[in-house]
Each structure stands twice: as structure tokens, then as C-alpha cells.
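Structure record follows, encoded as C-alpha cells.
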Amino acid sequence: MYEKCLECKKLGNPCDGPNFMAMSTEDLIHWCNERKKQLPGLTYDRIVEQTGLSKGTVSGFFKGTHADYRIETIRPILKLLVGGEWEDSPCGDP
């Protein structure tokens, strides 16, 4: 399960209280694919370049076929999709 803030919709933001929604792996992959569609020009090659992950890891994650869904493994993708922020800003910041 992964956490997404219900207030600001960012993944992994350290909000207080009940602002988190647990996401299944399938829901996380769906969210990431939808977010990727909103970012024109964000190809697998560009994600590989910006995250340092292998192309197999990146494509496997977005296709739902990657075996390793530990947060440490996919964190670079999530950071890229939310604008490079993870725990850097308080809830509600754009």
C-alpha cells in the first residue's frame, strides 16, 4: 500500500492526521499512468534519464509487470511525477 494525501493529492507528503489514503499497487500504477499522460513529452527514455533507473524497471512499473514495487525502488518515478517533491513541502503547496 502507498499513501496519497487527500488534501493536496501528493504521494508521500508528510501530512498530519487522517489525510492519507492507502493505495493498492494497481491503484498506484493507474494513478502514475494517468499523471504521466498529463505531462507532455514524458517518455520512458526521459524518465530513465531523469531518474537513473533502468528502462526495464521504468517500463515494467508503468505496465504493471515489474516484480519490485518497494517504495525505495519506485520513489524516483513518483518524485518525477509529482514535480520532484516528496517530503520537501508542507501539505497544500502547489
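Labeling convention for the C-alpha cells: chains A, B, ... as they appear, residues from 1 per chain, ligands from 1 in order of appearance.
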
List as a Markdown table every residue of segment 52-72 of chain A that is in contact with segment 20-39 of chain A, defined as an atom at most 12 Å from one of its atoms (using only C-alpha atoms), together with the nearest atom pair and the distance in Å rounded to one decimal, sorted by chain and then rising number.
| residue | atom | partner | partner_atom | distance |
| --- | --- | --- | --- | --- |
| A:Val58 | CA | A:Ile29 | CA | 11.3 |
| A:Ser59 | CA | A:Asn33 | CA | 10.9 |
| A:Gly60 | CA | A:Ile29 | CA | 10.3 |
| A:Phe61 | CA | A:Ile29 | CA | 7.1 |
| A:Phe62 | CA | A:Ile29 | CA | 6.1 |
| A:Lys63 | CA | A:Ile29 | CA | 7.9 |
| A:Gly64 | CA | A:Ile29 | CA | 6.7 |
| A:Thr65 | CA | A:Ile29 | CA | 10.3 |
| A:His66 | CA | A:Ile29 | CA | 10.7 |
| A:Ala67 | CA | A:Thr25 | CA | 11.2 |
| A:Asp68 | CA | A:Thr25 | CA | 10.8 |
| A:Tyr69 | CA | A:Thr25 | CA | 7.7 |
| A:Arg70 | CA | A:Thr25 | CA | 10.0 |
| A:Ile71 | CA | A:Thr25 | CA | 10.6 |

Write the selection just made, keeping N, CA, C and O atoms, as an mmCIF file, in the first residue's frame?
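Output (again-v3.cif):
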data_model
loop_
_atom_site.group_PDB
_atom_site.id
_atom_site.type_symbol
_atom_site.label_atom_id
_atom_site.label_comp_id
_atom_site.auth_asym_id
_atom_site.auth_seq_id
_atom_site.Cartn_x
_atom_site.Cartn_y
_atom_site.Cartn_z
ATOM 1 N N VAL A 58 11.496 1.003 -15.459
ATOM 2 C CA VAL A 58 10.509 2.040 -15.757
ATOM 3 C C VAL A 58 9.335 1.474 -16.546
ATOM 4 O O VAL A 58 8.177 1.651 -16.164
ATOM 5 N N SER A 59 9.607 0.784 -17.640
ATOM 6 C CA SER A 59 8.504 0.252 -18.451
ATOM 7 C C SER A 59 7.742 -0.822 -17.693
ATOM 8 O O SER A 59 6.515 -0.880 -17.760
ATOM 9 N N GLY A 60 8.455 -1.645 -16.922
ATOM 10 C CA GLY A 60 7.787 -2.673 -16.126
ATOM 11 C C GLY A 60 6.873 -2.088 -15.080
ATOM 12 O O GLY A 60 5.783 -2.608 -14.810
ATOM 13 N N PHE A 61 7.284 -0.967 -14.481
ATOM 14 C CA PHE A 61 6.440 -0.313 -13.486
ATOM 15 C C PHE A 61 5.151 0.191 -14.119
ATOM 16 O O PHE A 61 4.057 -0.093 -13.644
ATOM 17 N N PHE A 62 5.273 0.943 -15.214
ATOM 18 C CA PHE A 62 4.088 1.519 -15.838
ATOM 19 C C PHE A 62 3.178 0.467 -16.467
ATOM 20 O O PHE A 62 1.974 0.668 -16.566
ATOM 21 N N LYS A 63 3.739 -0.668 -16.862
ATOM 22 C CA LYS A 63 2.931 -1.749 -17.431
ATOM 23 C C LYS A 63 2.382 -2.686 -16.360
ATOM 24 O O LYS A 63 1.550 -3.544 -16.639
ATOM 25 N N GLY A 64 2.885 -2.543 -15.137
ATOM 26 C CA GLY A 64 2.421 -3.396 -14.051
ATOM 27 C C GLY A 64 3.053 -4.771 -14.046
ATOM 28 O O GLY A 64 2.527 -5.692 -13.441
ATOM 29 N N THR A 65 4.209 -4.920 -14.703
ATOM 30 C CA THR A 65 4.864 -6.224 -14.783
ATOM 31 C C THR A 65 6.174 -6.285 -14.006
ATOM 32 O O THR A 65 6.827 -7.314 -13.992
ATOM 33 N N HIS A 66 6.561 -5.185 -13.366
ATOM 34 C CA HIS A 66 7.808 -5.143 -12.615
ATOM 35 C C HIS A 66 7.629 -5.901 -11.303
ATOM 36 O O HIS A 66 6.618 -5.753 -10.632
ATOM 37 N N ALA A 67 8.614 -6.676 -10.927
ATOM 38 C CA ALA A 67 8.492 -7.511 -9.731
ATOM 39 C C ALA A 67 8.782 -6.754 -8.432
ATOM 40 O O ALA A 67 8.335 -7.162 -7.376
ATOM 41 N N ASP A 68 9.512 -5.646 -8.505
ATOM 42 C CA ASP A 68 9.953 -4.951 -7.292
ATOM 43 C C ASP A 68 9.217 -3.622 -7.142
ATOM 44 O O ASP A 68 9.569 -2.636 -7.775
ATOM 45 N N TYR A 69 8.204 -3.604 -6.291
ATOM 46 C CA TYR A 69 7.425 -2.396 -6.072
ATOM 47 C C TYR A 69 7.735 -1.751 -4.727
ATOM 48 O O TYR A 69 6.943 -0.995 -4.208
ATOM 49 N N ARG A 70 8.925 -2.043 -4.167
ATOM 50 C CA ARG A 70 9.299 -1.378 -2.923
ATOM 51 C C ARG A 70 9.392 0.114 -3.172
ATOM 52 O O ARG A 70 9.835 0.563 -4.224
ATOM 53 N N ILE A 71 8.989 0.890 -2.196
ATOM 54 C CA ILE A 71 8.953 2.340 -2.353
ATOM 55 C C ILE A 71 10.343 2.891 -2.680
ATOM 56 O O ILE A 71 10.470 3.845 -3.448
#

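For the pair atom CA of Pro40 of chain A and atom CA of Thr73 of chain A, the interatomic distance is 23.9 Å.
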
Neighbouring residues of Pro76 of chain A were defined as those with any atom within 10 Å, considering only C-alpha atoms; residues of the same chain fewer than 4 positions away were excluded. Please report them as a ChimeraX atom specification. /A:47-48,50-53,58,71-72,80-81,84,86

Test item, alpha helix (DSSP H) assignment across segment 49-82 of chain A, answer as a list in words: Glu49, Gln50, Thr51, Lys55, Gly56, Thr57, Val58, Ser59, Gly60, Phe61, Phe62, Lys63, Ile71, Glu72, Thr73, Ile74, Arg75, Pro76, Ile77, Leu78, Lys79, Leu80 and Leu81 of chain A

Grab the residues selected above and save them as a CSV table (one decimal), in the first residue's frame with C-alpha atoms.
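Okay, again.csv is ready:
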chain,number,residue,atom,x,y,z
A,49,GLU,CA,17.3,9.8,-18.0
A,50,GLN,CA,15.9,11.8,-15.1
A,51,THR,CA,15.6,9.0,-12.5
A,55,LYS,CA,14.4,1.2,-18.9
A,56,GLY,CA,13.2,-2.3,-17.9
A,57,THR,CA,12.3,-1.0,-14.4
A,58,VAL,CA,10.5,2.0,-15.8
A,59,SER,CA,8.5,0.3,-18.5
A,60,GLY,CA,7.8,-2.7,-16.1
A,61,PHE,CA,6.4,-0.3,-13.5
A,62,PHE,CA,4.1,1.5,-15.8
A,63,LYS,CA,2.9,-1.7,-17.4
A,71,ILE,CA,9.0,2.3,-2.4
A,72,GLU,CA,12.7,2.7,-2.4
A,73,THR,CA,12.8,1.3,-6.0
A,74,ILE,CA,9.9,3.4,-7.4
A,75,ARG,CA,10.4,6.6,-5.4
A,76,PRO,CA,12.4,8.3,-8.2
A,77,ILE,CA,9.4,7.8,-10.6
A,78,LEU,CA,7.0,9.1,-8.0
A,79,LYS,CA,9.1,12.1,-7.3
A,80,LEU,CA,9.3,12.9,-11.0
A,81,LEU,CA,5.6,12.6,-11.4
